[in-house]
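Text of the file final_7.txt, holding compact mmCIF, C-alpha atoms:
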# COMPACT_ATOMS: atom_id res chain seq x y z
CA MET A 7 -3.61 -3.29 -27.77
CA SER A 8 -4.69 -5.74 -25.06
CA ILE A 9 -3.64 -5.40 -21.45
CA LEU A 10 -1.17 -8.20 -20.77
CA ALA A 11 -0.19 -7.50 -17.14
CA VAL A 12 -1.68 -6.08 -13.98
CA VAL A 13 0.58 -4.24 -11.56
CA TRP A 14 -0.73 -3.87 -8.02
CA ASP A 15 -0.23 -1.48 -5.18
CA VAL A 16 -0.14 -3.31 -1.82
CA ASP A 17 -1.25 -1.20 1.13
CA ASP A 18 -4.99 -0.45 1.13
CA THR A 19 -5.30 -2.15 -2.27
CA LEU A 20 -4.49 -5.80 -1.58
CA PHE A 21 -3.75 -5.51 2.12
CA ASP A 22 -6.08 -3.74 4.57
CA TYR A 23 -3.37 -1.45 5.91
CA THR A 24 -5.69 1.14 7.43
CA ALA A 25 -7.55 -1.39 9.57
CA ALA A 26 -4.34 -3.15 10.65
CA ASP A 27 -2.63 0.15 11.49
CA ARG A 28 -5.56 1.36 13.56
CA MET A 29 -5.96 -1.92 15.43
CA GLY A 30 -2.23 -2.31 16.01
CA MET A 31 -1.81 1.26 17.21
CA ARG A 32 -4.81 0.97 19.52
CA VAL A 33 -3.25 -2.05 21.26
CA HIS A 34 0.22 -0.52 21.22
CA LEU A 35 -0.82 2.80 22.79
CA THR A 36 -2.66 0.93 25.50
CA ALA A 37 0.40 -1.22 26.22
CA GLU A 38 2.66 1.85 26.27
CA GLY A 39 0.34 3.77 28.63
CA LEU A 40 0.05 6.70 26.22
CA LEU A 41 -3.72 7.16 25.98
CA ASP A 42 -4.04 9.54 28.93
CA SER A 43 -2.65 12.34 26.74
CA TYR A 44 -5.63 12.12 24.36
CA ASP A 45 -9.37 12.63 24.62
CA SER A 46 -9.96 9.31 22.87
CA VAL A 47 -8.20 6.42 21.17
CA GLU A 48 -9.55 7.68 17.85
CA GLN A 49 -7.88 11.07 18.38
CA ALA A 50 -4.53 9.41 19.07
CA ILE A 51 -4.81 7.14 16.04
CA ALA A 52 -5.80 10.07 13.80
CA ARG A 53 -2.71 11.98 14.93
CA TRP A 54 -0.49 8.96 14.23
CA ARG A 55 -1.96 8.67 10.73
CA GLN A 56 -1.42 12.40 10.03
CA ILE A 57 2.20 12.18 11.15
CA THR A 58 2.68 9.02 9.09
CA ASP A 59 1.36 10.77 5.96
CA ARG A 60 3.64 13.80 6.47
CA GLN A 61 6.76 11.71 7.08
CA TRP A 62 5.93 9.46 4.14
CA ALA A 63 5.70 12.55 1.93
CA ARG A 64 9.22 13.49 3.05
CA PHE A 65 10.46 10.03 2.14
CA SER A 66 8.74 10.17 -1.25
CA ALA A 67 10.39 13.54 -1.91
CA GLY A 68 13.82 12.09 -1.14
CA GLU A 69 14.25 14.15 2.04
CA THR A 70 14.80 11.16 4.33
CA SER A 71 15.42 7.43 4.19
CA PHE A 72 12.84 4.71 4.70
CA GLU A 73 14.23 4.05 8.18
CA GLY A 74 14.45 7.79 8.84
CA GLN A 75 10.77 8.40 8.19
CA ARG A 76 9.88 5.60 10.61
CA ARG A 77 12.08 7.07 13.34
CA ASP A 78 10.75 10.58 12.79
CA ARG A 79 7.16 9.33 12.99
CA VAL A 80 7.94 8.10 16.51
CA ARG A 81 9.81 11.26 17.55
CA VAL A 82 7.09 13.61 16.33
CA PHE A 83 4.31 11.48 17.79
CA LEU A 84 5.97 11.29 21.21
CA GLY A 85 7.22 14.89 21.03
CA LYS A 86 10.69 14.19 22.33
CA GLU A 87 14.26 13.63 21.25
CA MET A 88 15.19 9.99 20.81
CA THR A 89 18.22 8.12 19.57
CA ASP A 90 17.81 5.98 16.49
CA ASP A 91 17.94 2.86 18.65
CA GLU A 92 15.23 4.18 20.98
CA ALA A 93 12.95 5.11 18.08
CA ASP A 94 13.59 1.76 16.38
CA ALA A 95 12.72 -0.11 19.58
CA TRP A 96 9.43 1.80 20.00
CA PHE A 97 8.49 1.20 16.37
CA SER A 98 9.37 -2.49 16.66
CA ARG A 99 7.01 -2.86 19.60
CA TYR A 100 4.26 -1.21 17.54
CA LEU A 101 5.01 -3.55 14.59
CA ARG A 102 4.38 -6.65 16.70
CA HIS A 103 0.84 -5.45 17.41
CA TYR A 104 0.29 -4.21 13.85
CA GLU A 105 1.34 -7.50 12.27
CA THR A 106 -1.18 -9.52 14.28
CA ALA A 107 -3.93 -7.61 12.43
CA TRP A 108 -2.70 -8.26 8.88
CA SER A 109 -5.32 -9.41 6.38
CA LEU A 110 -6.21 -9.22 2.70
CA PHE A 111 -9.39 -7.51 1.57
CA PRO A 112 -12.05 -10.16 0.87
CA ASP A 113 -12.20 -9.32 -2.86
CA VAL A 114 -8.46 -9.87 -3.45
CA LEU A 115 -8.16 -13.64 -3.83
CA PRO A 116 -11.24 -13.91 -6.08
CA ALA A 117 -9.79 -11.17 -8.32
CA LEU A 118 -6.35 -12.77 -8.48
CA ASP A 119 -7.92 -16.15 -9.22
CA ALA A 120 -10.11 -14.71 -11.99
CA LEU A 121 -7.11 -13.06 -13.66
CA ALA A 122 -4.48 -15.71 -12.93
CA ALA A 123 -4.47 -17.35 -16.37
CA SER A 124 -5.24 -14.30 -18.48
CA HIS A 125 -2.73 -11.75 -17.15
CA ARG A 126 0.74 -11.53 -15.72
CA HIS A 127 0.99 -9.92 -12.28
CA ALA A 128 3.48 -7.64 -10.51
CA VAL A 129 3.71 -5.27 -7.56
CA LEU A 130 4.86 -1.65 -7.40
CA SER A 131 4.85 -0.20 -3.88
CA ASN A 132 6.10 3.00 -2.27
CA SER A 133 7.51 0.93 0.58
CA SER A 134 10.64 -1.23 0.80
CA ILE A 135 11.16 -4.74 -0.56
CA HIS A 136 12.07 -5.95 2.93
CA VAL A 137 8.66 -4.89 4.25
CA GLN A 138 6.48 -5.86 1.31
CA ASP A 139 8.19 -9.15 0.47
CA ARG A 140 7.66 -10.33 4.04
CA LYS A 141 4.09 -9.04 4.09
CA LEU A 142 3.10 -10.73 0.84
CA ARG A 143 4.58 -14.01 2.07
CA ALA A 144 2.71 -13.76 5.37
CA LEU A 145 -0.53 -13.07 3.50
CA GLY A 146 0.03 -16.08 1.23
CA VAL A 147 0.13 -14.24 -2.11
CA HIS A 148 3.84 -13.66 -2.75
CA ASP A 149 4.04 -16.33 -5.45
CA ARG A 150 1.23 -14.68 -7.41
CA PHE A 151 3.62 -11.94 -8.60
CA GLU A 152 6.54 -12.37 -10.97
CA VAL A 153 7.97 -8.91 -10.24
CA ILE A 154 7.96 -6.98 -6.94
CA LEU A 155 9.45 -3.47 -7.00
CA CYS A 156 9.54 -0.94 -4.17
CA ALA A 157 10.47 2.73 -3.99
CA ALA A 158 13.13 2.36 -1.31
CA GLU A 159 15.25 0.20 -3.62
CA LEU A 160 14.26 1.85 -6.91
CA GLY A 161 15.26 5.30 -5.70
CA VAL A 162 12.08 6.77 -7.19
CA SER A 163 8.52 6.61 -5.91
CA LYS A 164 4.99 7.00 -7.21
CA PRO A 165 3.57 9.22 -8.63
CA GLU A 166 6.77 9.78 -10.61
CA ALA A 167 6.46 8.26 -14.08
CA ALA A 168 9.88 6.63 -13.68
CA ALA A 169 8.51 4.33 -10.96
CA PHE A 170 5.70 3.05 -13.19
CA LEU A 171 8.00 2.75 -16.19
CA ALA A 172 10.48 0.73 -14.12
CA VAL A 173 7.93 -2.01 -13.50
CA CYS A 174 6.92 -1.97 -17.17
CA ASP A 175 10.58 -2.43 -18.10
CA ALA A 176 10.90 -5.28 -15.60
CA LEU A 177 7.94 -6.99 -17.32
CA GLU A 178 9.36 -6.13 -20.77
CA LEU A 179 6.05 -4.55 -21.74
CA ALA A 180 5.04 -1.13 -23.02
CA PRO A 181 3.03 1.06 -20.62
CA HIS A 182 -0.12 0.73 -22.73
CA GLN A 183 0.05 -3.06 -22.25
CA VAL A 184 -0.03 -2.71 -18.45
CA ALA A 185 -2.81 -1.88 -15.99
CA TYR A 186 -2.05 -0.42 -12.58
CA VAL A 187 -4.42 -0.89 -9.63
CA GLY A 188 -4.03 1.31 -6.56
CA ASP A 189 -6.05 3.00 -3.83
CA HIS A 190 -4.66 6.56 -3.85
CA PRO A 191 -6.36 8.85 -6.39
CA GLU A 192 -3.25 10.96 -7.04
CA ILE A 193 -0.22 8.80 -6.19
CA ASP A 194 -1.66 5.71 -7.87
CA GLY A 195 -4.55 6.87 -10.04
CA ARG A 196 -3.22 10.00 -11.70
CA GLY A 197 0.41 8.85 -11.52
CA ALA A 198 -0.22 5.65 -13.48
CA ALA A 199 -2.45 7.41 -16.02
CA ASP A 200 0.16 10.12 -16.63
CA ALA A 201 2.81 7.42 -17.17
CA GLY A 202 0.70 5.86 -19.92
CA LEU A 203 -0.64 2.80 -18.11
CA LEU A 204 -4.29 1.82 -17.90
CA SER A 205 -4.97 3.26 -14.46
CA VAL A 206 -7.58 1.73 -12.16
CA TRP A 207 -8.37 3.50 -8.90
CA ILE A 208 -9.89 1.19 -6.29
CA ASP A 209 -12.00 3.58 -4.20
CA ARG A 210 -13.30 1.58 -1.26
CA GLY A 211 -15.08 4.65 0.15
CA ASP A 212 -12.98 5.04 3.27
CA VAL A 213 -9.85 7.20 3.45
CA TYR A 214 -10.42 9.06 0.17
CA ALA A 215 -14.22 9.01 0.14
CA THR A 216 -14.47 12.81 -0.15
CA VAL A 217 -11.70 13.23 -2.73
CA GLU A 218 -12.69 14.51 -6.14
CA PRO A 219 -11.67 11.77 -8.59
CA PRO A 220 -8.79 12.81 -10.86
CA VAL A 221 -9.07 12.71 -14.63
CA GLY A 222 -7.47 9.59 -16.12
CA PRO A 223 -7.98 6.53 -13.95
CA ARG A 224 -10.96 4.20 -14.12
CA ARG A 225 -12.75 4.28 -10.77
CA ILE A 226 -14.01 1.06 -9.17
CA ALA A 227 -15.48 0.31 -5.75
CA SER A 228 -14.52 -3.37 -5.70
CA LEU A 229 -11.97 -5.58 -7.41
CA ALA A 230 -14.93 -7.59 -8.67
CA GLU A 231 -15.21 -4.89 -11.36
CA LEU A 232 -11.64 -5.35 -12.60
CA PRO A 233 -12.03 -8.30 -15.01
CA ALA A 234 -14.68 -6.40 -16.99
CA ILE A 235 -12.38 -3.39 -17.34
CA LEU A 236 -9.55 -5.61 -18.54
CA GLY A 237 -11.83 -7.38 -21.00
CA THR A 238 -11.31 -10.76 -19.37
CA ASP A 239 -13.79 -13.31 -20.65
CA THR A 240 -14.42 -15.00 -17.31
CA ARG A 241 -17.06 -15.04 -14.63
CA PHE A 242 -15.62 -13.31 -11.58
CA GLY A 243 -14.54 -15.87 -9.00
CA ALA A 244 -14.66 -18.75 -11.50
CA PRO A 245 -11.60 -20.43 -13.03
CA SER A 246 -10.44 -18.71 -16.18
CA THR A 247 -10.93 -20.48 -19.52
CA PHE A 248 -8.19 -18.39 -21.18
CA ARG A 249 -5.65 -20.41 -23.14
This entry written out as structure tokens:
Amino acid sequence: MSILAVVWDVDDTLFDYTAADRMGMRVHLTAEGLLDSYDSVEQAIARWRQITDRQWARFSAGETSFEGQRRDRVRVFLGKEMTDDEADAWFSRYLRHYETAWSLFPDVLPALDALAASHRHAVLSNSSIHVQDRKLRALGVHDRFEVILCAAELGVSKPEAAAFLAVCDALELAPHQVAYVGDHPEIDGRGAADAGLLSVWIDRGDVYATVEPPVGPRRIASLAELPAILGTDTRFGAPSTFR
């Protein structure tokens, strides 16, 4: 049966999270006077990313709240006890720098334009609706999606099948009628495939460049390849002639 809808991950799929995080943290650490503890800015940023990944895994496993993982990222990174208010204030200062670096990947708008008339579109993210709704609005693409679901509100996160099935239910489509596009080979790629969706792993050759691709998802290097996978009869970047 034809694919009728495309469900998108946000961070590092539509939105260049890695670049924004690195740039924002670089400016933030400089402003906070924290770089003297590290051999280089890159070392400090790498440690922040490792801590972020570990705390996010705790959130995904249901061991902490969305706000809790943010606070614990700060506490572990700084290596000291902090009240919730102190951790929130530090994270808020980082966010101001991070948000100035927000941008879409250059292949996103052409892909959305090419598929606008032929497919319905939704978002499934392992973040919170408060964060992603605001981000999608700031990036100018919020109105492209008829459904936006996030793990913090769903109570279940990718790669659990229930997360993928929840967005299918919201679209009133069967899993085999839905494609999922995400950047993480396991959380997005294998998770969507195991849930019965057409899984497309966007491998931009950065964070997961050395990861062995899992069995199941289609692997692409650019969203320019997506219309061909979905069988869309359009030239990429040109207005769709689908009626």
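Residues with any atom within 7 Å of Leu204 (chain A), counting only C-alpha atoms and excluding same-chain neighbours fewer than 2 positions away, are A:His182, A:Val184, A:Ala185, A:Tyr186, A:Ala199, A:Gly202, A:Val206.
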(request) Would you mind reading off the distance between CA of Ile57 (chain A) and CA of Arg79 (chain A), one decimal, in Å? (result) 6.0 Å
(message) One decimal, in Å: what's the spacing between CA of Leu121 (chain A) and CA of Ala169 (chain A)?
(response) 23.5 Å
(message) Which residue is closest to Ala37 (chain A)? Choose from A:Asp22, A:His103, A:His190, A:Val16 and count all atoms listed in the file.
(response)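 Once distances to Ala37 (chain A) are computed over all atoms listed in the file, the minimum belongs to A:His103.
Closest approach to Gln183 (chain A) among A:Val47, A:Val13, A:Leu145, A:Ile226 is made by A:Val13 (distances from all atoms listed in the file).
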(message) Please determine, counting all atoms listed in the file, which residue among A:Leu177, A:Gln61, A:Phe111, A:Glu73 has the shortest atom-to-atom distance to Ala25 (chain A).
(response) A:Phe111
(request) Go through A:Arg126, A:Gly39, A:Phe83, A:Phe151 and flag the residue nearest Gln138 (chain A), using only C-alpha atoms for the distances. (result)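 Selected residue with least distance to Gln138 (chain A): A:Phe151.
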(request) Could you give me, as an MDAnalysis selection string, the residues within 10 Å of Thr58 (chain A), counting only C-alpha atoms and dropping anything in the same chain fewer than 4 positions from it? (result) chainID A and resid 52:54 62:64 75:76 78:80 82:83
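Distance-wise, CA of Thr19 (chain A) and CA of Pro181 (chain A) end up 20.4 Å apart.
Residue nearest Ala122 (chain A) within the list A:Asp200, A:Asp59, A:Arg210, A:Arg150: A:Arg150 [criterion: smallest interatomic distance, all atoms listed in the file].
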(request) May I ask which of the residues A:Leu101, A:Val173, A:Leu35, A:Val147 is the closest one to Asp119 (chain A), counting all atoms listed in the file? (result) A:Val147
(message) I'd like the neighbourhood of Trp207 (chain A) as a count of residues only, where a residue qualifies if any of its atoms comes within 8 Å (using only C-alpha atoms), though same-chain residues fewer than 2 positions away should be ignored.
(response) 13
Which centre and which edge lengths, in Å to one decimal, describe the axis-aligned box that holds all listed atoms of region 196-204 of chain A after 4 Å is added on each side, as JSON?
{"center_x": -0.7, "center_y": 6.0, "center_z": -15.7, "size_x": 15.1, "size_y": 16.3, "size_z": 16.4}
(request) For region 134-137 of chain A, work out the shell of residues within 10 Å, counting all atoms listed in the file and skipping chain neighbours fewer than 4 positions away, then give it as a PyMOL selection string. (result) chain A and resi 72-73+130+141-142+154-160
Sorted by chain and rising residue number, which residues of region 87-140 of chain A lie within 12 Å of region 65-69 of chain A, and what are their closest atom pairs and distances in Å to one decimal, counting all atoms listed in the file, as CSV?
residue,atom,partner,partner_atom,distance
A:Ser131,CA,A:Ser66,CA,11.4
A:Asn132,CA,A:Ser66,CA,7.7
A:Ser133,CA,A:Ser66,CA,9.5
A:Ser134,CA,A:Phe65,CA,11.3
(request) Compute the distance from (-4.5, -1.5, 19.0) to each atom, counting all atoms listed in the file, keep the residues with any atom at most 10 Å away, and return them as a ChimeraX atom specification; use the coordinates of the file. (result) /A:25-37,47,51,100,103-104,106-107
